[in-house]
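Visitor: Dropping in final_25.txt, which is compact mmCIF, C-alpha atoms:
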# COMPACT_ATOMS: atom_id res chain seq x y z
CA MET A 1 127.03 148.53 66.86
CA GLY A 2 126.22 144.90 67.49
CA ASP A 3 123.03 145.98 69.15
CA GLU A 4 121.93 147.87 66.07
CA LYS A 5 122.66 144.86 63.89
CA LYS A 6 120.62 142.68 66.18
CA SER A 7 117.64 145.04 66.20
CA LYS A 8 117.80 145.26 62.40
CA SER A 9 117.64 141.50 62.03
CA LYS A 10 114.76 141.49 64.49
CA ILE A 11 112.83 143.91 62.30
CA LYS A 12 113.44 141.56 59.40
CA ASN A 13 112.16 138.70 61.53
CA ASP A 14 109.13 140.82 62.40
CA ILE A 15 108.25 141.27 58.76
CA ILE A 16 108.66 137.58 58.00
CA PHE A 17 106.64 136.66 61.07
CA ILE A 18 103.79 139.06 60.26
CA ALA A 19 103.66 137.87 56.64
CA ALA A 20 103.58 134.23 57.76
CA LEU A 21 100.87 134.97 60.31
CA LEU A 22 98.68 136.74 57.75
CA ALA A 23 99.28 134.03 55.16
CA ALA A 24 98.26 131.34 57.66
CA VAL A 25 95.09 133.20 58.62
CA CYS A 26 94.16 133.81 54.97
CA LEU A 27 94.82 130.17 54.11
CA ILE A 28 92.57 128.97 56.93
CA GLY A 29 89.91 131.44 55.81
CA ILE A 30 90.10 130.38 52.16
CA ILE A 31 89.93 126.68 53.05
CA TYR A 32 87.02 127.40 55.35
CA ILE A 33 85.06 129.40 52.77
CA ALA A 34 85.83 127.04 49.89
CA THR A 35 84.74 123.93 51.76
CA ARG A 36 81.45 125.37 52.94
CA ALA A 37 78.34 123.50 51.85
CA PRO A 38 76.11 125.24 49.31
CA GLY A 39 72.83 126.55 50.71
CA ASP A 40 69.36 126.17 49.27
CA THR A 41 67.16 128.64 51.13
CA VAL A 42 67.32 132.40 51.54
CA ILE A 43 65.95 133.65 54.84
CA VAL A 44 65.17 137.34 55.23
CA LYS A 45 64.86 138.79 58.70
CA VAL A 46 63.67 142.26 59.64
CA ASP A 47 64.08 143.46 63.23
CA GLY A 48 65.16 139.92 64.08
CA LYS A 49 61.83 138.45 62.93
CA ILE A 50 61.53 136.25 59.87
CA PHE A 51 60.20 138.32 56.95
CA GLY A 52 60.25 135.51 54.41
CA GLU A 53 61.97 132.38 53.16
CA TYR A 54 62.72 131.82 49.50
CA PRO A 55 64.29 128.91 47.60
CA LEU A 56 67.67 129.80 46.15
CA ASP A 57 67.08 127.98 42.85
CA THR A 58 64.16 130.16 41.71
CA ASP A 59 64.94 133.61 40.32
CA ARG A 60 62.93 136.37 41.94
CA THR A 61 63.04 139.91 43.28
CA VAL A 62 62.04 140.53 46.87
CA GLU A 63 61.11 143.97 48.08
CA ILE A 64 61.75 144.14 51.81
CA ARG A 65 59.64 146.92 53.24
CA ASN A 66 59.84 148.08 56.82
CA GLY A 67 57.96 151.35 57.19
CA ASP A 68 59.63 153.73 54.73
CA ARG A 69 62.85 151.75 54.65
CA VAL A 70 63.23 149.57 51.60
CA ASN A 71 65.72 146.92 50.54
CA LEU A 72 65.63 145.20 47.18
CA LEU A 73 66.89 141.63 47.26
CA ILE A 74 67.50 139.77 44.02
CA ILE A 75 67.79 135.98 43.82
CA GLU A 76 69.35 135.05 40.50
CA GLY A 77 71.18 132.00 39.21
CA GLY A 78 71.51 130.38 42.63
CA GLU A 79 72.88 133.52 44.26
CA ALA A 80 71.31 136.26 46.32
CA TYR A 81 72.40 139.88 46.46
CA MET A 82 71.10 143.26 47.57
CA ALA A 83 70.40 145.42 44.54
CA GLU A 84 69.15 148.54 46.26
CA ALA A 85 68.82 149.87 49.77
CA SER A 86 67.44 153.05 51.29
CA CYS A 87 70.19 153.09 53.89
CA PRO A 88 72.94 155.76 53.66
CA ASP A 89 76.03 153.54 53.81
CA GLY A 90 75.22 151.00 51.09
CA ILE A 91 77.42 148.33 52.65
CA CYS A 92 74.82 145.64 51.93
CA VAL A 93 74.64 146.64 48.25
CA ALA A 94 78.41 146.43 47.96
CA HIS A 95 78.43 142.94 49.50
CA ARG A 96 79.24 140.17 47.03
CA PRO A 97 76.45 137.71 46.13
CA ILE A 98 75.91 134.93 48.66
CA SER A 99 75.07 131.30 47.99
CA ARG A 100 76.71 129.09 50.62
CA ASP A 101 75.32 127.84 53.93
CA GLY A 102 75.76 130.43 56.63
CA GLU A 103 76.68 133.36 54.39
CA SER A 104 74.79 136.53 55.13
CA ILE A 105 74.28 140.11 54.09
CA ALA A 106 73.33 142.53 56.81
CA CYS A 107 71.88 146.01 56.38
CA LYS A 108 72.30 147.48 59.83
CA PRO A 109 70.49 150.82 59.35
CA ASN A 110 67.37 149.00 58.09
CA THR A 111 67.79 146.07 60.53
CA VAL A 112 67.57 143.68 57.58
CA VAL A 113 69.54 140.43 57.57
CA VAL A 114 69.63 138.09 54.59
CA ILE A 115 71.07 134.67 55.33
CA VAL A 116 71.55 131.55 53.22
CA ARG A 117 70.83 128.20 54.80
CA ALA A 118 71.11 124.57 53.81
CA THR A 119 67.79 123.28 55.13
CA GLY A 120 68.86 119.66 54.84
CA GLU A 121 70.38 119.90 58.29
CA ASP A 122 69.61 121.72 61.49
CA SER A 123 72.04 124.56 61.79
CA PRO A 124 72.06 126.84 64.82
CA ASP A 125 70.59 130.29 64.51
CA ILE A 126 73.34 132.85 64.99
CA ILE A 127 71.17 135.94 64.82
CA ALA A 128 68.83 135.17 67.70
CA MET B 1 115.75 147.27 103.53
CA GLU B 2 116.96 147.74 99.99
CA LYS B 3 115.02 144.68 98.85
CA ARG B 4 111.87 145.77 100.58
CA GLN B 5 112.08 149.21 99.05
CA LYS B 6 112.44 147.68 95.62
CA LYS B 7 109.37 145.55 96.19
CA ILE B 8 107.30 148.52 97.29
CA LYS B 9 108.49 150.48 94.27
CA LYS B 10 107.53 147.62 92.00
CA ILE B 11 104.04 147.31 93.49
CA ALA B 12 103.50 151.04 93.10
CA PHE B 13 104.64 151.01 89.47
CA LEU B 14 102.55 147.98 88.57
CA GLY B 15 99.52 149.67 90.13
CA LEU B 16 100.25 152.80 88.15
CA LEU B 17 100.62 150.85 84.90
CA THR B 18 97.41 148.94 85.57
CA ALA B 19 95.69 152.30 85.90
CA VAL B 20 97.30 153.41 82.62
CA ALA B 21 96.04 150.24 80.89
CA MET B 22 92.53 150.82 82.26
CA LEU B 23 92.60 154.42 81.15
CA LEU B 24 93.69 153.35 77.67
CA SER B 25 90.76 150.90 77.57
CA TYR B 26 88.48 153.81 78.36
CA VAL B 27 90.06 156.09 75.74
CA GLU B 28 89.72 153.30 73.20
CA ALA B 29 86.02 152.93 74.01
CA LEU B 30 85.57 156.66 73.33
CA LEU B 31 87.18 156.46 69.90
CA PRO B 32 84.80 155.72 67.04
CA SER B 33 85.35 152.39 65.33
CA PRO B 34 87.18 152.93 62.01
CA VAL B 35 84.94 150.43 60.23
CA ALA B 36 81.44 150.61 61.64
CA ALA B 37 80.26 147.54 59.74
CA VAL B 38 82.69 145.27 61.55
CA PRO B 39 82.33 145.19 65.31
CA GLY B 40 85.36 144.03 67.23
CA ILE B 41 87.92 146.16 65.43
CA LYS B 42 89.89 147.89 68.12
CA MET B 43 93.22 149.62 68.40
CA GLY B 44 94.32 147.52 71.35
CA LEU B 45 95.77 150.58 73.09
CA PRO B 46 95.95 148.92 76.54
CA ASN B 47 98.52 146.60 75.02
CA VAL B 48 101.02 149.50 75.05
CA ALA B 49 101.04 149.33 78.84
CA ILE B 50 101.04 145.52 78.86
CA ILE B 51 104.02 145.38 76.47
CA PHE B 52 105.85 147.89 78.62
CA VAL B 53 105.27 145.78 81.74
CA LEU B 54 106.27 142.63 79.88
CA TYR B 55 109.63 144.08 78.83
CA ARG B 56 110.42 146.10 81.94
CA PHE B 57 109.11 143.80 84.67
CA GLY B 58 108.54 140.33 83.23
CA ALA B 59 106.03 137.71 82.20
CA LYS B 60 104.29 137.14 85.54
CA GLU B 61 103.80 140.84 86.12
CA ALA B 62 102.46 141.44 82.60
CA ALA B 63 99.92 138.62 82.94
CA LEU B 64 98.85 140.00 86.29
CA VAL B 65 98.45 143.58 85.07
CA SER B 66 96.53 142.35 82.01
CA ALA B 67 94.16 140.22 84.12
CA VAL B 68 93.54 142.96 86.69
CA ARG B 69 92.92 145.47 83.90
CA VAL B 70 90.31 143.23 82.24
CA ILE B 71 88.56 142.47 85.54
CA MET B 72 88.46 146.13 86.58
CA VAL B 73 87.34 147.45 83.21
CA SER B 74 84.62 144.80 82.99
CA LEU B 75 83.42 145.67 86.49
CA LEU B 76 83.38 149.39 85.69
CA PHE B 77 82.07 149.52 82.13
CA GLY B 78 81.15 146.02 81.00
CA ASN B 79 78.95 143.08 81.82
CA PRO B 80 79.64 139.36 82.46
CA MET B 81 79.45 138.71 78.72
CA THR B 82 82.08 141.27 77.74
CA PHE B 83 84.20 139.97 80.61
CA ILE B 84 84.29 136.43 79.19
CA TYR B 85 85.30 137.73 75.76
CA SER B 86 87.89 140.14 77.12
CA ILE B 87 89.56 137.73 79.51
CA ALA B 88 89.82 135.00 76.86
CA GLY B 89 91.36 137.40 74.36
CA ALA B 90 93.67 138.99 76.90
CA MET B 91 94.96 135.71 78.30
CA LEU B 92 95.60 134.06 74.93
CA SER B 93 97.29 137.27 73.80
CA ILE B 94 99.56 137.53 76.84
CA VAL B 95 100.57 133.85 76.68
CA VAL B 96 101.57 134.22 73.03
CA MET B 97 103.47 137.43 73.74
CA ILE B 98 105.32 135.90 76.69
CA VAL B 99 106.39 132.89 74.60
CA LEU B 100 107.50 135.05 71.67
CA LYS B 101 109.43 137.38 73.95
CA LYS B 102 111.19 134.40 75.53
CA LEU B 103 112.14 133.08 72.08
CA ASN B 104 113.76 136.47 71.51
CA PHE B 105 113.74 136.62 67.72
CA LEU B 106 111.15 139.38 67.29
CA SER B 107 111.19 143.06 68.23
CA THR B 108 108.37 144.59 70.29
CA VAL B 109 106.51 145.27 67.04
CA GLY B 110 106.34 141.58 66.10
CA VAL B 111 105.41 140.59 69.63
CA SER B 112 102.68 143.21 69.77
CA VAL B 113 101.26 142.19 66.37
CA ALA B 114 101.04 138.59 67.58
CA GLY B 115 99.39 139.85 70.75
CA GLY B 116 96.81 141.82 68.78
CA VAL B 117 95.99 139.00 66.37
CA PHE B 118 95.71 136.40 69.13
CA HIS B 119 93.58 138.72 71.23
CA ASN B 120 91.05 138.67 68.41
CA ALA B 121 91.53 134.94 67.89
CA GLY B 122 90.74 134.28 71.55
CA GLN B 123 87.56 136.31 71.34
CA ILE B 124 86.43 134.56 68.18
CA LEU B 125 87.13 131.15 69.71
CA VAL B 126 84.91 132.10 72.65
CA ALA B 127 82.21 133.39 70.29
CA MET B 128 82.33 130.17 68.30
CA PHE B 129 82.08 128.17 71.51
CA LEU B 130 79.27 130.22 73.05
CA LEU B 131 77.24 130.51 69.86
CA GLY B 132 77.97 126.93 68.84
CA THR B 133 78.83 127.85 65.28
CA ALA B 134 81.87 127.99 63.08
CA GLU B 135 80.25 130.87 61.18
CA LEU B 136 82.60 133.45 62.59
CA ALA B 137 85.83 131.94 61.32
CA HIS B 138 85.92 134.10 58.18
CA TYR B 139 85.59 137.11 60.44
CA MET B 140 89.04 136.23 61.63
CA ILE B 141 90.63 137.37 58.35
CA VAL B 142 89.34 140.90 58.81
CA LEU B 143 90.29 140.97 62.47
CA ALA B 144 93.74 139.55 61.73
CA LEU B 145 94.36 142.41 59.30
CA SER B 146 93.15 145.08 61.69
CA GLY B 147 95.04 143.40 64.52
CA THR B 148 98.23 143.54 62.46
CA ILE B 149 97.89 147.22 61.62
CA SER B 150 97.08 148.27 65.18
CA GLY B 151 99.69 145.82 66.49
CA VAL B 152 102.41 147.62 64.52
CA PHE B 153 101.27 150.96 65.95
CA VAL B 154 101.06 149.60 69.50
CA GLY B 155 104.43 147.88 69.13
CA ILE B 156 106.13 151.10 68.05
CA CYS B 157 104.51 153.00 70.93
CA GLY B 158 105.58 150.27 73.36
CA ALA B 159 109.14 150.29 72.02
CA LEU B 160 109.33 154.07 72.42
CA MET B 161 108.07 153.83 75.99
CA ILE B 162 110.55 151.11 76.88
CA LYS B 163 113.39 153.12 75.36
CA LYS B 164 112.54 156.61 76.59
CA LEU B 165 111.07 156.09 80.03
CA PRO B 166 113.99 155.74 82.42
CA MET B 167 111.82 155.22 85.44
CA TYR B 168 112.78 151.90 86.94
CA LYS B 169 114.73 148.86 86.03
CA ILE B 170 114.38 145.49 87.67
Could I get this file's structure written as structure tokens?
Guide:
Amino acid sequence: MGDEKKSKSKIKNDIIFIAALLAAVCLIGIIYIATRAPGDTVIVKVDGKIFGEYPLDTDRTVEIRNGDRVNLLIIEGGEAYMAEASCPDGICVAHRPISRDGESIACKPNTVVVIVRATGEDSPDIIA
Amino acid sequence: MEKRQKKIKKIAFLGLLTAVAMLLSYVEALLPSPVAAVPGIKMGLPNVAIIFVLYRFGAKEAALVSAVRVIMVSLLFGNPMTFIYSIAGAMLSIVVMIVLKKLNFLSTVGVSVAGGVFHNAGQILVAMFLLGTAELAHYMIVLALSGTISGVFVGICGALMIKKLPMYKI
């Protein structure tokens, strides 16, 4: 009987522990994301090669063509997002707009990566 | 004689469980990733065997089985790069699990969840170190969630194994 009681309280501890662990991780993540420096340049890469670089403060639409695969990138109001993509999964289109240094949208089927950079400083290239 | 027999038995069982852990690594590699967009999400099936060893045999044995499993799987299926990631994740995970088991306030489920989450944390720490960027930190949120879900599953499996398998007590 005592054993059952003990295992029950352990399950309760488990739940508290898991909740605390997740809360801690989320908190670290939120602090990390919120304190990230804003970016100023949008870099588009196709097949790992630079396709183009665009300032984040000018509104424009970029059509990223790679053979018959097309992605439509929109830069608007200091944010960049993927409006359309010829890929089947549409993960990149569902991605929220990006604007901070280091944020990126990747379209794996089309091998397109859009990444925001703060050009004021030398940041390491994570894609290469 | 009795002591020696026990030792031989133990070696045989640890070898067997190492093989089970390796096999589970292989099975896991065969399974498709549930979220293709996020690499690194894994069930952590080998941890069932590791948890079993941890509770049935002890901390030293579990660390040993975990290390041998990572080395063997990397030799068989991986490359030096995957080895560095795996060993970092596995060692951080086993250290956390050993400490939590010693503290004795969590069931196998809690211990296994911590193991899963810290396995991912270890790998991300290595990635941040190797790639020289803090970029991957937000990745941790996703991996912590997936680690929790699979950790619950693995913990329940481990608990069942510990309870139902009569095989050998130390």
Visitor: At what distance in Å, to one decimal, does CA of Glu63 in chain A lie from CA of Glu84 in chain A?
Guide: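 Here the two named atoms are 9.4 Å from each other.
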Visitor: Tell me, counting only C-alpha atoms, for each residue of chain A within 7 Å of chain B, which pair of atoms is nearest and how far apart they are in Å to one decimal, in rows ordered by chain and increasing number, as a Markdown table.
Guide:
| residue | atom | partner | partner_atom | distance |
| --- | --- | --- | --- | --- |
| A:Lys10 | CA | B:Leu106 | CA | 5.0 |
| A:Ile11 | CA | B:Ser107 | CA | 6.2 |
| A:Asn13 | CA | B:Leu106 | CA | 5.9 |
| A:Asp14 | CA | B:Gly110 | CA | 4.7 |
| A:Ile18 | CA | B:Gly110 | CA | 6.9 |
| A:Leu22 | CA | B:Ala144 | CA | 6.9 |
| A:Val25 | CA | B:Ile141 | CA | 6.1 |
| A:Cys26 | CA | B:Ile141 | CA | 6.0 |
| A:Gly29 | CA | B:His138 | CA | 5.3 |
| A:Gly102 | CA | B:Glu135 | CA | 6.4 |
| A:Pro124 | CA | B:Thr133 | CA | 6.9 |
| A:Ile126 | CA | B:Leu131 | CA | 6.7 |
Visitor: So which residues fall inside 9 Å of (71.4, 135.0, 43.8) if we count only C-alpha atoms? Mind giving them as JSON, numbers by chain?
Guide: {"A": [56, 57, 58, 59, 60, 73, 74, 75, 76, 77, 78, 79, 80, 81, 97, 98, 99]}
Visitor: Which residue, A:Ala94, A:Thr111, A:Arg100, A:Ala19, has the smallest gap to Ala34 in chain A when you use all atoms listed in the file?
Guide: A:Arg100
Visitor: At what distance in Å, to one decimal, does CA of Phe13 in chain B lie from CA of Arg56 in chain B?
Guide: 10.7 Å
Visitor: Restricting the calculation to all atoms listed in the file, which member of B:Ser66, B:Asn47, B:Asn120, B:Ser112 is positioned closest to Thr18 in chain B?
Guide: B:Ser66
Visitor: Taking every listed atom of range 30-34 of chain A and adding 6 Å to each side, what centre and edge lengths in Å (one decimal) does the axis-aligned box have, as lines of an AutoDock Vina configuration file?
Guide:
center_x = 87.6
center_y = 128.5
center_z = 52.6
size_x = 17.0
size_y = 15.7
size_z = 17.5
Visitor: For Tyr54 in chain A, which residue out of A:Pro109, A:Val42, A:Ala20, A:Ser9 is the nearest one, using only C-alpha atoms?
Guide: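 Among the listed residues, the smallest separation from Tyr54 in chain A belongs to A:Val42.
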Visitor: What's the separation between CA of Ile124 in chain B and CA of Gly89 in chain B, in Å to one decimal place?
Guide: 8.4 Å
Visitor: Which residues are close to range 49-53 of chain A, i.e. within 10 Å by all atoms listed in the file, leaving aside same-chain residues fewer than 4 positions away? Reply as a list in words.
Guide: Thr41, Val42, Ile43, Val44, Lys45, Val62, Ile64, Arg65, Asn66, Thr111, Val112, Val113, Val114, Ile115, Val116, Arg117, Ile127 and Ala128 of chain A
